[in-house]
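Coordinates as given in entry-v2.cif (mmCIF, C-alpha atoms):
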data_work
loop_
_atom_site.label_atom_id
_atom_site.label_comp_id
_atom_site.auth_asym_id
_atom_site.auth_seq_id
_atom_site.Cartn_x
_atom_site.Cartn_y
_atom_site.Cartn_z
CA MET A 1 -15.19 26.35 -57.12
CA GLU A 2 -12.43 27.55 -54.87
CA LYS A 3 -11.60 25.43 -51.87
CA ARG A 4 -12.22 26.46 -48.27
CA HIS A 5 -11.09 24.50 -45.26
CA ALA A 6 -11.87 26.81 -42.38
CA LYS A 7 -13.23 24.06 -40.10
CA LYS A 8 -11.04 21.42 -38.53
CA ILE A 9 -12.07 17.87 -39.43
CA THR A 10 -12.18 15.36 -36.56
CA ASP A 11 -13.26 11.72 -36.23
CA ASP A 12 -15.70 12.51 -33.41
CA TRP A 13 -19.26 13.28 -34.48
CA PHE A 14 -21.74 13.72 -31.64
CA GLY A 15 -20.05 11.04 -29.57
CA GLU A 16 -19.53 8.59 -32.45
CA LYS A 17 -16.20 7.88 -34.11
CA ILE A 18 -16.39 8.13 -37.90
CA ALA A 19 -13.10 7.55 -39.67
CA ALA A 20 -12.27 8.73 -43.18
CA GLY A 21 -13.97 6.47 -45.69
CA GLU A 22 -16.81 5.49 -43.33
CA ALA A 23 -20.54 6.24 -43.26
CA LYS A 24 -22.60 6.03 -40.11
CA ASN A 25 -25.96 6.98 -38.61
CA VAL A 26 -25.65 9.10 -35.46
CA ASN A 27 -27.94 11.00 -33.09
CA LEU A 28 -27.77 14.57 -31.86
CA ALA A 29 -29.67 15.23 -28.62
CA VAL A 30 -31.52 18.56 -28.88
CA GLY A 31 -33.85 18.42 -25.88
CA GLU A 32 -36.40 16.39 -23.96
CA SER A 33 -40.04 15.54 -24.54
CA TYR A 34 -42.88 16.16 -22.07
CA SER A 35 -42.29 12.64 -20.75
CA GLY A 36 -38.62 13.37 -20.15
CA MET A 37 -37.41 11.25 -23.08
CA THR A 38 -34.39 12.55 -24.99
CA VAL A 39 -35.25 14.11 -28.34
CA ASN A 40 -32.62 12.96 -30.84
CA ILE A 41 -32.16 14.27 -34.35
CA GLN A 42 -31.20 11.36 -36.62
CA ILE A 43 -28.25 12.15 -38.89
CA HIS A 44 -26.43 10.23 -41.61
CA ILE A 45 -22.77 11.18 -42.08
CA GLN A 46 -20.56 10.14 -44.99
CA ARG A 47 -16.82 10.79 -44.96
CA ALA A 48 -14.60 10.27 -47.99
CA ILE A 49 -11.05 8.95 -47.78
CA GLU A 50 -9.73 12.26 -49.04
CA ASP A 51 -10.18 15.40 -46.96
CA GLY A 52 -12.37 18.18 -48.39
CA PRO A 53 -15.33 20.48 -47.72
CA VAL A 54 -17.88 19.67 -45.02
CA PHE A 55 -21.50 20.12 -46.17
CA PHE A 56 -24.80 19.81 -44.36
CA VAL A 57 -28.09 19.15 -46.13
CA THR A 58 -31.16 19.56 -43.92
CA ALA A 59 -34.93 19.26 -44.26
CA ALA A 60 -38.08 19.67 -42.14
CA LEU A 61 -36.83 22.72 -40.27
CA HIS A 62 -40.56 23.36 -40.42
CA GLY A 63 -41.97 20.01 -39.35
CA ASP A 64 -44.68 19.79 -42.01
CA GLU A 65 -42.35 20.51 -44.95
CA ILE A 66 -41.27 17.00 -45.88
CA ASN A 67 -40.43 17.12 -49.61
CA GLY A 68 -36.81 17.61 -48.52
CA CYS A 69 -37.06 14.53 -46.30
CA GLY A 70 -37.84 12.49 -49.39
CA ALA A 71 -34.84 13.97 -51.24
CA ILE A 72 -32.37 13.34 -48.40
CA ARG A 73 -33.67 9.81 -47.84
CA GLN A 74 -33.12 9.14 -51.54
CA LEU A 75 -29.50 10.29 -51.25
CA ILE A 76 -28.96 8.11 -48.18
CA GLN A 77 -30.49 5.04 -49.83
CA ASP A 78 -28.63 5.45 -53.14
CA ALA A 79 -26.11 2.61 -53.20
CA ASP A 80 -24.20 4.27 -56.07
CA PHE A 81 -23.81 7.59 -54.28
CA ALA A 82 -20.23 7.89 -53.01
CA LEU A 83 -18.06 10.80 -51.98
CA LEU A 84 -14.64 11.29 -53.54
CA ARG A 85 -13.59 13.88 -50.98
CA GLY A 86 -14.97 15.77 -48.01
CA THR A 87 -17.82 15.07 -45.61
CA LEU A 88 -21.58 15.12 -46.10
CA VAL A 89 -23.96 15.53 -43.15
CA LEU A 90 -27.53 14.54 -44.09
CA VAL A 91 -30.42 15.45 -41.77
CA PRO A 92 -33.84 14.34 -43.10
CA VAL A 93 -35.75 15.84 -40.14
CA LEU A 94 -34.21 18.79 -38.33
CA ASN A 95 -37.27 19.77 -36.29
CA LEU A 96 -38.33 16.43 -34.84
CA PRO A 97 -40.88 17.70 -32.26
CA ALA A 98 -42.78 19.60 -34.98
CA PHE A 99 -42.43 16.71 -37.45
CA ASP A 100 -44.00 14.31 -34.93
CA ARG A 101 -47.00 16.67 -34.69
CA HIS A 102 -47.27 17.24 -38.48
CA SER A 103 -46.86 20.92 -37.62
CA ARG A 104 -44.78 23.84 -38.85
CA TYR A 105 -44.16 24.91 -35.26
CA LEU A 106 -42.64 23.52 -32.09
CA PRO A 107 -44.85 22.53 -29.12
CA ASP A 108 -44.11 25.96 -27.57
CA ARG A 109 -45.79 27.47 -30.68
CA ARG A 110 -42.56 29.12 -31.80
CA ASP A 111 -41.01 28.98 -35.26
CA LEU A 112 -37.62 27.28 -35.04
CA ASN A 113 -36.63 29.09 -38.23
CA ARG A 114 -36.91 32.43 -36.44
CA SER A 115 -34.90 31.35 -33.38
CA PHE A 116 -31.27 31.16 -34.53
CA PRO A 117 -28.55 31.27 -33.36
CA GLY A 118 -30.46 30.59 -30.14
CA SER A 119 -29.36 30.54 -26.52
CA LYS A 120 -28.62 27.71 -24.10
CA ASP A 121 -30.97 29.02 -21.40
CA GLY A 122 -33.81 30.47 -23.49
CA SER A 123 -37.14 29.05 -24.72
CA LEU A 124 -37.54 25.54 -26.11
CA ALA A 125 -37.07 26.88 -29.64
CA SER A 126 -34.05 28.96 -28.63
CA ARG A 127 -32.38 26.01 -26.87
CA MET A 128 -32.92 23.70 -29.84
CA ALA A 129 -31.58 26.35 -32.20
CA TYR A 130 -28.53 26.84 -29.98
CA THR A 131 -27.69 23.12 -30.02
CA ILE A 132 -28.23 22.79 -33.77
CA PHE A 133 -26.18 25.89 -34.46
CA ASN A 134 -23.23 25.00 -32.24
CA GLU A 135 -23.14 21.26 -32.85
CA LEU A 136 -24.08 21.10 -36.54
CA VAL A 137 -23.54 24.43 -38.32
CA ALA A 138 -20.28 25.11 -36.46
CA ARG A 139 -18.90 21.80 -37.82
CA CYS A 140 -19.69 22.59 -41.46
CA GLU A 141 -18.34 24.88 -44.17
CA TYR A 142 -21.43 25.03 -46.42
CA GLY A 143 -25.13 24.27 -46.12
CA ILE A 144 -28.24 23.49 -48.16
CA ASP A 145 -31.63 23.67 -46.41
CA LEU A 146 -34.71 22.20 -48.13
CA HIS A 147 -38.17 23.75 -47.69
CA THR A 148 -41.67 23.78 -49.21
CA ALA A 149 -44.37 26.43 -49.32
CA ALA A 150 -46.40 27.16 -46.20
CA VAL A 151 -49.72 25.42 -45.53
CA ARG A 152 -52.42 25.91 -48.22
CA ARG A 153 -49.81 27.07 -50.73
CA THR A 154 -47.53 25.49 -53.31
CA ASN A 155 -44.21 26.72 -54.71
CA TYR A 156 -42.44 26.22 -57.99
CA PRO A 157 -38.85 25.19 -57.12
CA THR A 158 -36.68 28.21 -56.38
CA VAL A 159 -33.35 28.78 -54.68
CA ARG A 160 -33.19 31.61 -52.15
CA ALA A 161 -29.81 33.12 -51.38
CA ASP A 162 -27.99 36.27 -50.32
CA LEU A 163 -26.21 36.92 -53.59
CA GLY A 164 -24.18 39.73 -52.02
CA ASP A 165 -21.99 37.00 -50.50
CA PRO A 166 -19.72 35.59 -53.25
CA GLN A 167 -19.62 32.11 -51.69
CA VAL A 168 -23.40 31.99 -51.34
CA ARG A 169 -23.77 33.17 -54.96
CA LYS A 170 -21.56 30.31 -56.14
CA LEU A 171 -23.65 27.79 -54.22
CA ALA A 172 -26.90 29.21 -55.58
CA LYS A 173 -25.77 29.18 -59.20
CA ALA A 174 -24.22 25.72 -58.86
CA PHE A 175 -27.48 24.21 -57.56
CA GLY A 176 -28.94 24.54 -61.04
CA SER A 177 -32.39 25.99 -60.42
CA GLU A 178 -34.19 28.05 -63.07
CA ILE A 179 -35.09 30.69 -60.51
CA ILE A 180 -32.80 32.25 -57.89
CA ILE A 181 -34.40 34.73 -55.48
CA ASN A 182 -31.91 37.25 -54.16
CA SER A 183 -32.65 37.80 -50.46
CA LYS A 184 -30.87 37.66 -47.13
CA GLY A 185 -33.74 35.86 -45.47
CA PRO A 186 -35.67 36.84 -42.33
CA LYS A 187 -33.86 37.94 -39.20
CA ASN A 188 -32.88 34.97 -36.99
CA SER A 189 -33.58 32.48 -39.78
CA PHE A 190 -31.36 29.41 -40.11
CA ARG A 191 -29.68 30.30 -43.39
CA ARG A 192 -29.20 33.99 -42.61
CA GLU A 193 -27.52 33.28 -39.28
CA ALA A 194 -25.46 30.41 -40.73
CA CYS A 195 -24.15 32.77 -43.42
CA ALA A 196 -23.35 35.40 -40.80
CA ALA A 197 -21.42 32.79 -38.82
CA GLY A 198 -19.22 31.92 -41.81
CA CYS A 199 -21.12 28.92 -43.19
CA PRO A 200 -22.51 29.96 -46.63
CA THR A 201 -26.00 28.47 -46.88
CA ILE A 202 -28.82 28.44 -49.43
CA ILE A 203 -32.35 27.12 -49.33
CA MET A 204 -34.53 25.50 -51.96
CA GLU A 205 -38.30 25.86 -51.71
CA GLY A 206 -40.65 23.68 -53.71
CA GLY A 207 -44.04 22.00 -53.53
CA GLU A 208 -46.51 21.69 -50.67
CA VAL A 209 -46.53 20.69 -47.01
CA TRP A 210 -47.31 17.09 -45.96
CA LYS A 211 -46.29 15.73 -49.38
CA VAL A 212 -43.33 14.03 -51.02
CA GLU A 213 -43.74 15.07 -54.65
CA PRO A 214 -41.65 13.24 -57.27
CA GLY A 215 -40.65 16.29 -59.33
CA ILE A 216 -39.70 18.33 -56.26
CA VAL A 217 -37.64 15.46 -54.85
CA GLU A 218 -35.87 15.01 -58.19
CA THR A 219 -35.16 18.74 -58.36
CA ALA A 220 -33.66 18.76 -54.85
CA VAL A 221 -31.54 15.65 -55.42
CA ARG A 222 -30.26 17.02 -58.71
CA GLY A 223 -29.41 20.34 -57.08
CA VAL A 224 -27.49 18.80 -54.19
CA LYS A 225 -25.52 16.60 -56.58
CA ASN A 226 -24.79 19.59 -58.84
CA VAL A 227 -23.30 21.49 -55.90
CA LEU A 228 -21.23 18.52 -54.73
CA ARG A 229 -19.95 17.98 -58.28
CA ASN A 230 -18.89 21.64 -58.43
CA PHE A 231 -16.75 20.97 -55.36
CA ASP A 232 -15.31 17.81 -56.95
CA MET A 233 -16.90 15.72 -54.20
CA ILE A 234 -18.69 13.31 -56.56
CA GLU A 235 -18.22 12.20 -60.17
CA GLU A 236 -21.75 12.64 -61.59
CA ASP A 237 -22.39 14.98 -64.51
CA ILE A 238 -23.75 18.44 -63.81
CA LYS A 239 -27.34 18.86 -65.02
CA ASN A 240 -28.16 22.44 -65.95
CA PRO A 241 -31.64 23.97 -66.31
CA PRO A 242 -32.71 25.41 -69.69
CA TYR A 243 -32.02 28.91 -68.33
CA GLN A 244 -31.22 30.59 -65.02
CA ILE A 245 -32.46 34.00 -63.92
CA ILE A 246 -32.14 36.06 -60.75
CA ILE A 247 -35.26 37.58 -59.19
CA ASP A 248 -34.68 40.79 -57.24
CA LYS A 249 -38.31 41.86 -56.89
CA SER A 250 -41.44 39.87 -56.13
CA LYS A 251 -45.05 40.66 -55.28
CA TRP A 252 -47.86 38.74 -53.65
CA MET A 253 -51.13 39.40 -55.50
CA ARG A 254 -54.06 39.52 -53.09
CA ALA A 255 -57.81 39.01 -53.33
CA GLU A 256 -59.99 42.12 -53.55
CA HIS A 257 -63.21 40.27 -52.67
CA GLY A 258 -64.30 37.22 -50.78
CA GLY A 259 -65.37 34.38 -53.03
CA PHE A 260 -64.21 31.46 -55.13
CA LEU A 261 -61.28 31.76 -57.53
CA ASP A 262 -61.10 30.65 -61.14
CA PHE A 263 -57.35 30.26 -61.69
CA HIS A 264 -55.86 31.20 -65.06
CA ILE A 265 -52.28 30.28 -64.13
CA GLN A 266 -50.36 27.46 -62.49
CA PRO A 267 -47.08 27.28 -60.52
CA GLY A 268 -44.06 27.91 -62.73
CA ASP A 269 -45.95 29.69 -65.51
CA LEU A 270 -44.11 32.52 -67.28
CA ILE A 271 -46.59 35.33 -67.80
CA GLU A 272 -46.79 38.73 -69.51
CA LYS A 273 -47.78 42.07 -68.03
CA GLY A 274 -51.56 42.44 -68.11
CA GLN A 275 -52.20 38.69 -68.33
CA PRO A 276 -55.19 37.44 -66.28
CA LEU A 277 -54.14 35.61 -63.11
CA ALA A 278 -57.40 34.66 -61.42
CA THR A 279 -61.04 35.70 -61.54
CA ASN A 280 -62.88 36.11 -58.27
CA THR A 281 -66.42 34.76 -58.45
CA THR A 282 -69.35 34.27 -56.10
CA ILE A 283 -70.21 30.76 -54.97
CA LEU A 284 -72.72 30.71 -57.83
CA GLY A 285 -70.05 31.62 -60.38
CA GLU A 286 -70.75 35.31 -60.99
CA ALA A 287 -67.54 37.21 -61.75
CA GLN A 288 -66.53 39.93 -59.27
CA GLY A 289 -63.22 40.98 -60.79
CA THR A 290 -60.04 39.64 -62.36
CA LEU A 291 -56.49 40.18 -61.15
CA LEU A 292 -53.97 41.07 -63.87
CA ALA A 293 -50.20 40.67 -63.82
CA PRO A 294 -48.50 44.02 -63.03
CA PHE A 295 -45.31 43.03 -64.88
CA ASP A 296 -43.69 40.19 -66.83
CA ALA A 297 -43.20 37.48 -64.24
CA VAL A 298 -42.77 33.87 -63.22
CA VAL A 299 -45.38 32.36 -60.91
CA MET A 300 -43.16 31.33 -57.99
CA GLY A 301 -45.98 30.30 -55.68
CA MET A 302 -49.74 30.35 -55.31
CA THR A 303 -52.55 29.39 -53.02
CA SER A 304 -53.87 25.85 -53.30
CA LEU A 305 -57.18 26.88 -51.72
CA PRO A 306 -59.57 28.59 -54.17
CA ALA A 307 -61.89 29.99 -51.46
CA VAL A 308 -60.56 33.40 -50.33
CA SER A 309 -61.47 36.45 -48.28
CA PRO A 310 -60.30 40.02 -49.05
CA GLY A 311 -56.55 40.50 -48.65
CA GLU A 312 -55.63 36.82 -48.79
CA PRO A 313 -52.64 35.96 -51.02
CA ILE A 314 -53.37 34.38 -54.37
CA CYS A 315 -50.01 34.13 -56.14
CA ASN A 316 -46.41 35.23 -55.67
CA LEU A 317 -44.94 36.78 -58.82
CA GLY A 318 -41.23 37.12 -59.43
CA LYS A 319 -40.47 40.06 -61.74
CA LEU A 320 -38.47 38.89 -64.74
CA PRO A 321 -35.21 40.72 -65.46
CA LYS A 322 -35.19 42.93 -68.53
CA LYS A 323 -34.43 41.20 -71.84
CA ASN A 324 -35.98 37.96 -70.51
CA SER A 325 -39.36 37.72 -72.20
CA PRO A 326 -41.88 35.17 -70.94
CA ALA A 327 -42.32 33.79 -74.45
CA LYS A 328 -38.59 33.23 -74.95
CA LEU A 329 -38.09 31.57 -71.57
CA SER A 330 -41.16 29.37 -72.08
CA GLN A 331 -39.78 28.26 -75.42
CA LEU A 332 -36.43 27.38 -73.87
CA ARG A 333 -38.15 25.30 -71.20
CA GLU A 334 -40.38 23.49 -73.67
CA ASP A 335 -37.53 22.83 -76.10
CA LYS A 336 -35.52 21.22 -73.32
CA ASN A 337 -38.60 19.18 -72.32
CA GLY A 338 -36.82 18.19 -69.15
CA LEU A 339 -37.36 18.24 -65.42
CA GLU A 340 -38.62 21.83 -65.21
CA GLN A 341 -41.43 21.25 -67.70
CA ARG A 342 -42.44 18.06 -65.90
CA VAL A 343 -42.53 19.91 -62.57
CA VAL A 344 -44.81 22.60 -64.03
CA GLU A 345 -47.18 19.89 -65.25
CA GLU A 346 -47.00 17.97 -61.98
CA LEU A 347 -47.71 20.98 -59.75
CA GLY A 348 -50.41 22.17 -62.14
CA SER A 349 -52.26 18.86 -61.85
CA SER A 350 -53.59 19.88 -58.41
CA VAL A 351 -54.85 23.30 -59.57
CA LEU A 352 -57.96 23.68 -61.73
CA VAL A 353 -56.97 26.18 -64.44
CA VAL A 354 -59.62 27.67 -66.71
CA GLU A 355 -59.43 30.04 -69.65
CA PRO A 356 -60.33 33.66 -68.86
CA SER A 357 -63.63 34.88 -70.29
CA GLU A 358 -63.72 37.21 -73.30
CA GLU A 359 -64.72 40.11 -71.03
CA THR A 360 -61.50 39.61 -69.06
CA GLU A 361 -59.14 39.51 -72.03
#
Once more with this new file: its structure as structure tokens, please.
Amino acid sequence: MEKRHAKKITDDWFGEKIAAGEAKNVNLAVGESYSGMTVNIQIHIQRAIEDGPVFFVTAALHGDEINGCGAIRQLIQDADFALLRGTLVLVPVLNLPAFDRHSRYLPDRRDLNRSFPGSKDGSLASRMAYTIFNELVARCEYGIDLHTAAVRRTNYPTVRADLGDPQVRKLAKAFGSEIIINSKGPKNSFRREACAAGCPTIIMEGGEVWKVEPGIVETAVRGVKNVLRNFDMIEEDIKNPPYQIIIDKSKWMRAEHGGFLDFHIQPGDLIEKGQPLATNTTILGEAQGTLLAPFDAVVMGMTSLPAVSPGEPICNLGKLPKKNSPAKLSQLREDKNGLEQRVVEELGSSVLVVEPSEETE
């Protein structure tokens, strides 16, 4: 990848001196609690001897999404992980007030990930966002933000990125995920505003809230290392997925009736147009209708709660690009028999999948 050094590197990090070649834990004050105690984000910073890019890797921007915490903690605790050049800023928990409450949201009931770039005299969320943006993002050249699905849902690992930005596209492809979703992100979201401010940023989403899932953690760690290796910041080999596709269109399939779902798919499945997705049944098991796939797709996410009411989301389908058949991609994944296949099996272990009835097929 081409080199960018738009940000000036200094030894001072949030009041702590970190010289080239050092690693240190530091705190960034982002507010006060109800008791008046300072709320500090805990950050681990590694600096190589040689100058180079400055990266941040963050997790728990939504306080209940902690798979990324597990990935960042693994990087911090890896005694063999060492930078050759540049600076790495690791933040296991970005939204500490929400994390302490096992909640997606801040105590003021706002979503921190809809509050950027924030303001210094606004709401609690806006003030936190302002500090994070000006003290953290402004110091970095690139960013990776780790997320999971929302509550009562699970996601197959995907990278989300604004591929219209060449630098963001390079980050997304370097991460090494099977699935890249092309999107700018919601207005006032962390990654969208970071990109607009000149800090190309991507996110990875995978797994469920309140969990640290082995396959998701391994996927995130592998992706971060792949990106750093592409910038010549570490020596480890790049680990590529069996294939990589870009999703430009997706669709949430929704329940037509209230009832109990019989799932016919699991997260990560590659499915054909017309394939049964889920059958809605009464509590006593009588079928009320079956949802069918509207196009060839990958199951990017799905509900983890089989009881639904009309209009509730069941699964999020990413439309496969032309010339990428589900059968061919499935074969590539199975032939590789690597991390992606293990993640499909791992995520599928918490979803009861049954064969569709003959009437459905």
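Closest approach to Ala138 (chain A) among A:Ile238, A:Leu106, A:Leu124, A:Ala194 is made by A:Ala194 (distances from all atoms listed in the file).
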Please expand the PyMOL selection byres ((chain A and resi 246-254) around 10) into the concrete residues it hits in this file, giving the result as a PDB file with C-alpha atoms, in the coordinates of the input.
ATOM      1  CA  THR A 158     -36.680  28.210 -56.380  1.00  0.00           C
ATOM      2  CA  VAL A 159     -33.350  28.780 -54.680  1.00  0.00           C
ATOM      3  CA  ARG A 160     -33.190  31.610 -52.150  1.00  0.00           C
ATOM      4  CA  LEU A 163     -26.210  36.920 -53.590  1.00  0.00           C
ATOM      5  CA  LYS A 173     -25.770  29.180 -59.200  1.00  0.00           C
ATOM      6  CA  GLU A 178     -34.190  28.050 -63.070  1.00  0.00           C
ATOM      7  CA  ILE A 179     -35.090  30.690 -60.510  1.00  0.00           C
ATOM      8  CA  ILE A 180     -32.800  32.250 -57.890  1.00  0.00           C
ATOM      9  CA  ILE A 181     -34.400  34.730 -55.480  1.00  0.00           C
ATOM     10  CA  ASN A 182     -31.910  37.250 -54.160  1.00  0.00           C
ATOM     11  CA  SER A 183     -32.650  37.800 -50.460  1.00  0.00           C
ATOM     12  CA  GLN A 244     -31.220  30.590 -65.020  1.00  0.00           C
ATOM     13  CA  ILE A 245     -32.460  34.000 -63.920  1.00  0.00           C
ATOM     14  CA  ALA A 255     -57.810  39.010 -53.330  1.00  0.00           C
ATOM     15  CA  GLU A 256     -59.990  42.120 -53.550  1.00  0.00           C
ATOM     16  CA  HIS A 257     -63.210  40.270 -52.670  1.00  0.00           C
ATOM     17  CA  LEU A 277     -54.140  35.610 -63.110  1.00  0.00           C
ATOM     18  CA  ALA A 278     -57.400  34.660 -61.420  1.00  0.00           C
ATOM     19  CA  LEU A 291     -56.490  40.180 -61.150  1.00  0.00           C
ATOM     20  CA  LEU A 292     -53.970  41.070 -63.870  1.00  0.00           C
ATOM     21  CA  ALA A 293     -50.200  40.670 -63.820  1.00  0.00           C
ATOM     22  CA  PRO A 294     -48.500  44.020 -63.030  1.00  0.00           C
ATOM     23  CA  PHE A 295     -45.310  43.030 -64.880  1.00  0.00           C
ATOM     24  CA  ALA A 297     -43.200  37.480 -64.240  1.00  0.00           C
ATOM     25  CA  VAL A 298     -42.770  33.870 -63.220  1.00  0.00           C
ATOM     26  CA  VAL A 299     -45.380  32.360 -60.910  1.00  0.00           C
ATOM     27  CA  MET A 300     -43.160  31.330 -57.990  1.00  0.00           C
ATOM     28  CA  GLY A 301     -45.980  30.300 -55.680  1.00  0.00           C
ATOM     29  CA  MET A 302     -49.740  30.350 -55.310  1.00  0.00           C
ATOM     30  CA  VAL A 308     -60.560  33.400 -50.330  1.00  0.00           C
ATOM     31  CA  SER A 309     -61.470  36.450 -48.280  1.00  0.00           C
ATOM     32  CA  PRO A 310     -60.300  40.020 -49.050  1.00  0.00           C
ATOM     33  CA  GLY A 311     -56.550  40.500 -48.650  1.00  0.00           C
ATOM     34  CA  GLU A 312     -55.630  36.820 -48.790  1.00  0.00           C
ATOM     35  CA  PRO A 313     -52.640  35.960 -51.020  1.00  0.00           C
ATOM     36  CA  ILE A 314     -53.370  34.380 -54.370  1.00  0.00           C
ATOM     37  CA  CYS A 315     -50.010  34.130 -56.140  1.00  0.00           C
ATOM     38  CA  ASN A 316     -46.410  35.230 -55.670  1.00  0.00           C
ATOM     39  CA  LEU A 317     -44.940  36.780 -58.820  1.00  0.00           C
ATOM     40  CA  GLY A 318     -41.230  37.120 -59.430  1.00  0.00           C
ATOM     41  CA  LYS A 319     -40.470  40.060 -61.740  1.00  0.00           C
ATOM     42  CA  LEU A 320     -38.470  38.890 -64.740  1.00  0.00           C
ATOM     43  CA  PRO A 321     -35.210  40.720 -65.460  1.00  0.00           C
TER      44      PRO A 321
END
#### Entry: Selection near region 42-59 of chain A, 8 Å with all atoms listed in the file, sequence-local residues under 2 positions removed, as a ChimeraX atom specification
/A:3-5,18-28,40,61-62,65-69,72,76,82-94,136-137,139-147,231,233
### Query
Written as a ChimeraX atom specification, what is the full residue list that the PyMOL selection byres ((chain A and resi 151) around 10) yields on the file shown?
/A:64-65,103-104,148-150,152-154,208-210,303-305
## Note on the structure
Restricting to all atoms listed in the file, whichever of A:Pro306, A:Gly338, A:Pro200, A:Gly185 is closest to Arg114 (chain A) is A:Gly185
I'd like the box whose edges run along x, y and z of the file and which contains every listed atom of region 218-235 of chain A, padded by 5 Å per side; could you state its centre and edge lengths in Å, one decimal, as AutoDock Vina command-line options?
--center_x -25.6 --center_y 16.9 --center_z -57.2 --size_x 30.6 --size_y 19.4 --size_z 16.0
#### Entry: 12 Å contact set for Val353 (chain A), only C-alpha atoms, chain neighbours under 6 positions out, as a PyMOL selection string
chain A and resi 261-267+269+276-279+304+306+345+347
#### Entry: Which residue of A:Ile234, A:Ala196, A:Ile41, A:Ile202 approaches Asp100 (chain A) most closely, using all atoms listed in the file
A:Ile41
### Message
Please report the interatomic distance between CA of Phe14 (chain A) and CA of Glu135 (chain A) in Å with one decimal.
### Response
7.8 Å
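Residues matched by the PyMOL selection byres ((chain A and resi 126) around 10) in this file are Arg110, Asp111, Leu112, Asn113, Arg114, Ser115, Phe116, Pro117, Gly118, Ser119, Lys120, Asp121, Gly122, Ser123, Leu124, Ala125, Arg127, Met128, Ala129, Tyr130, Thr131 and Ile132 of chain A.
As for CA of Asn226 (chain A) and CA of Phe175 (chain A), they are spaced 5.5 Å apart.
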### Query
How far is it from CA of Ala174 (chain A) to CA of Tyr156 (chain A), in Å with one decimal?
18.2 Å
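Excluding Pro214 (chain A) itself and same-chain residues fewer than 2 positions from it, the residues having an atom within 9 Å of it are Asn67, Gly70, Val212, Ile216, Val217, Glu218, Thr219, Val343 and Glu346 of chain A, counting all atoms listed in the file.
Minimum distance to Pro166 (chain A) across A:Thr201, A:Ile271, A:Ser189, A:Ala220 (counting only C-alpha atoms) occurs at A:Thr201.
The shortest atom-to-atom distance to Pro157 (chain A), with only C-alpha atoms taken into account, belongs to A:Ile203 out of A:Ala307, A:Val354, A:Val30, A:Ile203.
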